[in-house]
Amino acid sequence: MRIKQWIAGVLLAWCATQVFAVAPIKHWQSSQGGRVYFVQSTGLPMVDIRLQFAAGSARDGQHYGLAKLTNRLLKTGAGAWSADQIAQRFDEVGAQYNASVNKDYAQIQLRTLTDKRLLDQALTTFQAIAAKPQFKEDDFQRIKSQTLVELKQQQERPAHIAQKTFSQALYGQHPYAHLSSGSIETVGALTVGDIKQFYQQYYGAKNAILVIVGDLTEVQAHNIAEKLYEPLARGQSAKPLVAVTLPSSGKVEHIDFPSTQTHVLAGLPVLSRIDKDYFPLYVGNHILGGSGLVSILFNEIREKRGLAYSAYSYFSPLAQKGPFTMGLQTKNKQRKIAIDVLQKTLHDFIEKGPSEVELEAAKKNITGGFVLRFDNNRKLLNYVAMIAFYQLPLDYLETFQSKVAQVSKEDIKAAFKRRVPENLLQIISVGGSGE
């Protein structure tokens with residue numbers, strides 16, 4: 001407890017005085033063949049570490065939910081320790097562990113102090129989770145049962161039904177079509193053997209990146225990388241995912257659900273992380289629906305017509321084309337008019353683009369607040385991991401603002417017209433009929 005109180009005090013003092021700048025990203029390969037990315041961040045005696053594997057839900061095959069369940073099971077027992085002992089070992093040194101999965105990758109993450117004794121215990125525990133998970137049958141059955149309960153509860157939420165149906169409409173037979181959580185049927189059929197096989201196939205050094213951000217020297221970072229990679233099987237890099245194709249036709253589908261509000265999602269698969277249209281689409285969407293209360297969608301749907309509490313749009317770039325999503329919630333009886341306004345607003349934006357005033361305001365907003373996106377080690381870790389996984393230029397953070405500043409109105413119009421064909425829009429709504 002005293003360690004946690006000390007950490008809190010140090011954090012408060014550091015945040016009050018820290019001035020942030022883009023630090024250089026060092027990059028090398030471990031002796032096991034694993035990629036390493038390191039940013040030295042002095043001032044706070046802490047380090048954030050992430051091991052990230054190309055082991056997201058797009059690798060599930062037909063076993064939807066397999067990647068996520070594997071990731072959840074890692075900390076239920078590893079090396080010589082049970083789940084309780086692992087939690088105690090982290091707690092003794094004030095360390096924090098978490099794990100998550102998305103469509104492209106799975107990750108495990110550690111935050112710990114850099115004092116040698118505390119760091120060594122946290123790293124040894126983290127190393128066991130990554131390289132020596134136990135995958136005991138009783139732990140598997142327990143986590144599987146919890147997952148099935150969660151999936152059953154999700155079936156009672158219109159937002160979940162909308163998201164699941166939307167993903168299927170966008171991606172059809174592509175591995176991105178199913179949600180990372182899987183389904184009751186697919187998770188129910190999983191065995192501990194499936195978990196072990198998935199782990200062996202994807203949790204190897206050559207299929208991983210290691211990101212380290214914190215108050216360490218480069219020599220210390222090298223030592224940590226060797227310590228974490230050494231016990232991992234070498235493995236193989238995962239094969240690239242198949243390309244995403246656009247839906248063959250547009251769709252408007254309504255699913256009846258006993259709720260007072262209708263959830264609406266509309267969009268298409270559009271944007272990968274390395275797409276040349278990334279910046280025009282990113283800046284354009286900030287104006288269209290990504291800037292909250294001052295976006296065009298919010299103004300047209302909420303302010304002018306009172307059809308929804310909020311309306312938004314965003315791109316979720318992935319290794320292959322990630323979704324462009326527009327969304328809102330509205331009263332059941334207003335569903336059709338809200339969808340009409342949503343479509344017309346998108347159409348007008350594609351045809352006319354933003355005004356020069358809107359464009360300049362967006363650029364100032366994006367670049368002015370950019371430094372706040374990595375104003376602490378954890379946020380910076382997220383960015384460096386994204387750069388590393390998608391193999392973006394190492395100067396991505398340094399050049400981001402200038403690339404935003406270069407975007408023109410014509411760039412935005414051309415990118416949206418080229419990449420967001422309105423006739424193929426997939427529109428899914430879930431709620432009462434409104435009759």
# chains A, B, ... in the order shown; residues from 1 in each chain; ligands from 1
call {"tool": "select_by_dssp", "arguments": {"residues": "range 10-209 of chain A", "states": "alpha helix (DSSP H)", "output": "PyMOL selection string"}}
result
chain A and resi 10-17+66-73+83-92+116-131+137-154+158-171+184-188+192-202
call {"tool": "write_last_selection", "arguments": {"atoms": "C-alpha atoms", "output": "PDB file, in the first residue's frame"}}
result
ATOM      1  CA  VAL A  10       5.519  11.056  -7.577  1.00  0.00           C
ATOM      2  CA  LEU A  11       2.999  11.132 -10.428  1.00  0.00           C
ATOM      3  CA  LEU A  12       1.376  14.314  -9.124  1.00  0.00           C
ATOM      4  CA  ALA A  13       4.700  16.086  -8.710  1.00  0.00           C
ATOM      5  CA  TRP A  14       5.970  14.994 -12.120  1.00  0.00           C
ATOM      6  CA  CYS A  15       2.802  15.907 -14.022  1.00  0.00           C
ATOM      7  CA  ALA A  16       2.869  19.391 -12.542  1.00  0.00           C
ATOM      8  CA  THR A  17       6.290  20.186 -14.040  1.00  0.00           C
ATOM      9  CA  LEU A  66     -10.576 -17.948 -29.413  1.00  0.00           C
ATOM     10  CA  ALA A  67      -8.043 -15.099 -29.493  1.00  0.00           C
ATOM     11  CA  LYS A  68      -9.764 -13.211 -26.697  1.00  0.00           C
ATOM     12  CA  LEU A  69     -10.217 -16.256 -24.481  1.00  0.00           C
ATOM     13  CA  THR A  70      -6.551 -17.215 -24.934  1.00  0.00           C
ATOM     14  CA  ASN A  71      -5.496 -13.719 -23.935  1.00  0.00           C
ATOM     15  CA  ARG A  72      -7.711 -13.774 -20.838  1.00  0.00           C
ATOM     16  CA  LEU A  73      -6.311 -17.116 -19.698  1.00  0.00           C
ATOM     17  CA  ALA A  83      -3.619 -16.452 -10.528  1.00  0.00           C
ATOM     18  CA  ASP A  84      -3.727 -15.294  -6.893  1.00  0.00           C
ATOM     19  CA  GLN A  85       0.036 -15.577  -6.542  1.00  0.00           C
ATOM     20  CA  ILE A  86       0.577 -13.631  -9.762  1.00  0.00           C
ATOM     21  CA  ALA A  87      -1.712 -10.860  -8.530  1.00  0.00           C
ATOM     22  CA  GLN A  88       0.119 -10.821  -5.179  1.00  0.00           C
ATOM     23  CA  ARG A  89       3.549 -10.614  -6.842  1.00  0.00           C
ATOM     24  CA  PHE A  90       2.463  -7.603  -8.878  1.00  0.00           C
ATOM     25  CA  ASP A  91       0.789  -5.967  -5.892  1.00  0.00           C
ATOM     26  CA  GLU A  92       3.901  -6.369  -3.699  1.00  0.00           C
ATOM     27  CA  LYS A 116      15.933  -2.778  -9.575  1.00  0.00           C
ATOM     28  CA  ARG A 117      14.348  -4.992  -6.930  1.00  0.00           C
ATOM     29  CA  LEU A 118      10.809  -3.977  -7.832  1.00  0.00           C
ATOM     30  CA  LEU A 119      11.480  -4.084 -11.574  1.00  0.00           C
ATOM     31  CA  ASP A 120      13.091  -7.533 -11.434  1.00  0.00           C
ATOM     32  CA  GLN A 121      10.117  -9.111  -9.643  1.00  0.00           C
ATOM     33  CA  ALA A 122       7.587  -7.484 -11.964  1.00  0.00           C
ATOM     34  CA  LEU A 123       9.555  -8.537 -15.073  1.00  0.00           C
ATOM     35  CA  THR A 124       9.982 -12.127 -13.880  1.00  0.00           C
ATOM     36  CA  THR A 125       6.244 -12.401 -13.298  1.00  0.00           C
ATOM     37  CA  PHE A 126       5.427 -10.769 -16.627  1.00  0.00           C
ATOM     38  CA  GLN A 127       7.905 -13.065 -18.384  1.00  0.00           C
ATOM     39  CA  ALA A 128       6.153 -16.145 -16.967  1.00  0.00           C
ATOM     40  CA  ILE A 129       2.742 -14.919 -18.146  1.00  0.00           C
ATOM     41  CA  ALA A 130       4.067 -14.393 -21.674  1.00  0.00           C
ATOM     42  CA  ALA A 131       6.170 -17.547 -21.992  1.00  0.00           C
ATOM     43  CA  GLU A 137      -8.526 -27.211 -17.447  1.00  0.00           C
ATOM     44  CA  ASP A 138     -10.301 -25.860 -14.366  1.00  0.00           C
ATOM     45  CA  ASP A 139      -9.125 -22.296 -15.112  1.00  0.00           C
ATOM     46  CA  PHE A 140     -10.237 -22.695 -18.709  1.00  0.00           C
ATOM     47  CA  GLN A 141     -13.697 -23.890 -17.715  1.00  0.00           C
ATOM     48  CA  ARG A 142     -14.094 -21.052 -15.217  1.00  0.00           C
ATOM     49  CA  ILE A 143     -13.119 -18.277 -17.659  1.00  0.00           C
ATOM     50  CA  LYS A 144     -15.128 -19.910 -20.431  1.00  0.00           C
ATOM     51  CA  SER A 145     -18.224 -19.960 -18.196  1.00  0.00           C
ATOM     52  CA  GLN A 146     -17.732 -16.292 -17.321  1.00  0.00           C
ATOM     53  CA  THR A 147     -17.396 -15.464 -21.013  1.00  0.00           C
ATOM     54  CA  LEU A 148     -20.600 -17.318 -21.882  1.00  0.00           C
ATOM     55  CA  VAL A 149     -22.481 -15.378 -19.199  1.00  0.00           C
ATOM     56  CA  GLU A 150     -21.130 -12.110 -20.634  1.00  0.00           C
ATOM     57  CA  LEU A 151     -22.126 -13.141 -24.162  1.00  0.00           C
ATOM     58  CA  LYS A 152     -25.637 -13.996 -22.991  1.00  0.00           C
ATOM     59  CA  GLN A 153     -25.940 -10.574 -21.357  1.00  0.00           C
ATOM     60  CA  GLN A 154     -24.748  -8.897 -24.553  1.00  0.00           C
ATOM     61  CA  PRO A 158     -29.397  -3.407 -28.725  1.00  0.00           C
ATOM     62  CA  ALA A 159     -26.033  -1.671 -29.120  1.00  0.00           C
ATOM     63  CA  HIS A 160     -24.251  -5.029 -29.191  1.00  0.00           C
ATOM     64  CA  ILE A 161     -26.730  -6.501 -31.671  1.00  0.00           C
ATOM     65  CA  ALA A 162     -26.281  -3.461 -33.906  1.00  0.00           C
ATOM     66  CA  GLN A 163     -22.479  -3.682 -33.786  1.00  0.00           C
ATOM     67  CA  LYS A 164     -22.481  -7.428 -34.488  1.00  0.00           C
ATOM     68  CA  THR A 165     -24.863  -7.087 -37.441  1.00  0.00           C
ATOM     69  CA  PHE A 166     -22.980  -4.046 -38.741  1.00  0.00           C
ATOM     70  CA  SER A 167     -19.645  -5.916 -38.742  1.00  0.00           C
ATOM     71  CA  GLN A 168     -21.197  -8.827 -40.612  1.00  0.00           C
ATOM     72  CA  ALA A 169     -22.766  -6.484 -43.173  1.00  0.00           C
ATOM     73  CA  LEU A 170     -19.459  -4.721 -43.804  1.00  0.00           C
ATOM     74  CA  TYR A 171     -17.190  -7.741 -43.963  1.00  0.00           C
ATOM     75  CA  ILE A 184     -22.285 -18.319 -27.481  1.00  0.00           C
ATOM     76  CA  GLU A 185     -22.119 -21.165 -30.009  1.00  0.00           C
ATOM     77  CA  THR A 186     -18.455 -20.763 -30.956  1.00  0.00           C
ATOM     78  CA  VAL A 187     -17.121 -20.076 -27.458  1.00  0.00           C
ATOM     79  CA  GLY A 188     -19.209 -22.928 -26.088  1.00  0.00           C
ATOM     80  CA  VAL A 192      -8.408 -26.070 -23.730  1.00  0.00           C
ATOM     81  CA  GLY A 193      -6.625 -27.817 -26.599  1.00  0.00           C
ATOM     82  CA  ASP A 194      -7.785 -25.038 -28.940  1.00  0.00           C
ATOM     83  CA  ILE A 195      -6.311 -22.466 -26.536  1.00  0.00           C
ATOM     84  CA  LYS A 196      -2.943 -24.228 -26.362  1.00  0.00           C
ATOM     85  CA  GLN A 197      -2.750 -24.606 -30.135  1.00  0.00           C
ATOM     86  CA  PHE A 198      -3.605 -20.932 -30.721  1.00  0.00           C
ATOM     87  CA  TYR A 199      -0.989 -19.843 -28.184  1.00  0.00           C
ATOM     88  CA  GLN A 200       1.703 -22.043 -29.745  1.00  0.00           C
ATOM     89  CA  GLN A 201       0.915 -20.766 -33.221  1.00  0.00           C
ATOM     90  CA  TYR A 202       0.794 -17.039 -32.518  1.00  0.00           C
TER      91      TYR A 202
END
call {"tool": "residues_around", "arguments": {"residues": "Pro133 in chain A", "least_positions_apart": "5", "cutoff": "7 Å", "atoms": "only C-alpha atoms", "output": "list in words"}}
result
Leu74, Gly77, Ala78, Gly79 and Ala128 of chain A
call {"tool": "closest_residue", "arguments": {"among": "A:Val283, A:Ala311, A:Ala385, A:Leu216", "to": "Gln401 in chain A", "atoms": "only C-alpha atoms"}}
result
A:Val283
call {"tool": "residues_around", "arguments": {"residues": "Gly172 in chain A", "least_positions_apart": "4", "cutoff": "10 Å", "atoms": "only C-alpha atoms", "output": "ChimeraX atom specification"}}
result
/A:166-168,176-178,244-247
call {"tool": "write_last_selection", "arguments": {"atoms": "N, CA and C atoms", "output": "PDB file, in the first residue's frame"}}
result
ATOM      1  N   PHE A 166     -23.711  -5.013 -37.927  1.00  0.00           N
ATOM      2  CA  PHE A 166     -22.980  -4.046 -38.741  1.00  0.00           C
ATOM      3  C   PHE A 166     -21.656  -4.643 -39.243  1.00  0.00           C
ATOM      4  N   SER A 167     -20.916  -5.291 -38.353  1.00  0.00           N
ATOM      5  CA  SER A 167     -19.645  -5.916 -38.742  1.00  0.00           C
ATOM      6  C   SER A 167     -19.864  -6.985 -39.802  1.00  0.00           C
ATOM      7  N   GLN A 168     -20.907  -7.781 -39.635  1.00  0.00           N
ATOM      8  CA  GLN A 168     -21.197  -8.827 -40.612  1.00  0.00           C
ATOM      9  C   GLN A 168     -21.598  -8.229 -41.955  1.00  0.00           C
ATOM     10  N   TYR A 176     -12.571 -10.119 -40.417  1.00  0.00           N
ATOM     11  CA  TYR A 176     -13.000  -8.976 -39.615  1.00  0.00           C
ATOM     12  C   TYR A 176     -14.501  -8.990 -39.324  1.00  0.00           C
ATOM     13  N   ALA A 177     -15.243  -9.922 -39.894  1.00  0.00           N
ATOM     14  CA  ALA A 177     -16.705  -9.863 -39.816  1.00  0.00           C
ATOM     15  C   ALA A 177     -17.250 -10.161 -38.427  1.00  0.00           C
ATOM     16  N   HIS A 178     -16.531 -10.941 -37.636  1.00  0.00           N
ATOM     17  CA  HIS A 178     -17.073 -11.289 -36.315  1.00  0.00           C
ATOM     18  C   HIS A 178     -16.431 -10.439 -35.226  1.00  0.00           C
ATOM     19  N   VAL A 244      -9.628  -6.863 -47.920  1.00  0.00           N
ATOM     20  CA  VAL A 244     -11.058  -6.617 -47.732  1.00  0.00           C
ATOM     21  C   VAL A 244     -11.656  -6.122 -49.045  1.00  0.00           C
ATOM     22  N   THR A 245     -12.802  -6.669 -49.412  1.00  0.00           N
ATOM     23  CA  THR A 245     -13.537  -6.172 -50.578  1.00  0.00           C
ATOM     24  C   THR A 245     -14.792  -5.446 -50.104  1.00  0.00           C
ATOM     25  N   LEU A 246     -15.221  -4.477 -50.876  1.00  0.00           N
ATOM     26  CA  LEU A 246     -16.425  -3.735 -50.521  1.00  0.00           C
ATOM     27  C   LEU A 246     -17.670  -4.593 -50.706  1.00  0.00           C
ATOM     28  N   PRO A 247     -18.745  -4.325 -49.968  1.00  0.00           N
ATOM     29  CA  PRO A 247     -20.016  -5.021 -50.207  1.00  0.00           C
ATOM     30  C   PRO A 247     -20.462  -4.827 -51.658  1.00  0.00           C
TER      31      PRO A 247
END
call {"tool": "closest_residue", "arguments": {"among": "A:Trp28, A:Phe389, A:Phe315, A:Tyr229", "to": "Gln107 in chain A", "atoms": "only C-alpha atoms"}}
result
A:Phe389
call {"tool": "residues_around", "arguments": {"residues": "Leu307 in chain A", "least_positions_apart": "4", "cutoff": "7 Å", "atoms": "only C-alpha atoms", "output": "VMD selection string"}}
result
chain A and resid 301 to 302 330 334 338
call {"tool": "residues_around", "arguments": {"residues": "Lys26 in chain A", "least_positions_apart": "4", "cutoff": "8 Å", "atoms": "only C-alpha atoms", "output": "JSON, numbers by chain"}}
result
{"A": [37, 38, 39]}
call {"tool": "write_last_selection", "arguments": {"atoms": "C-alpha atoms", "output": "PDB file, in the first residue's frame"}}
result
ATOM      1  CA  TYR A  37      10.925  -0.313 -29.924  1.00  0.00           C
ATOM      2  CA  PHE A  38      12.198   1.888 -27.107  1.00  0.00           C
ATOM      3  CA  VAL A  39      11.577   5.488 -26.064  1.00  0.00           C
TER       4      VAL A  39
END
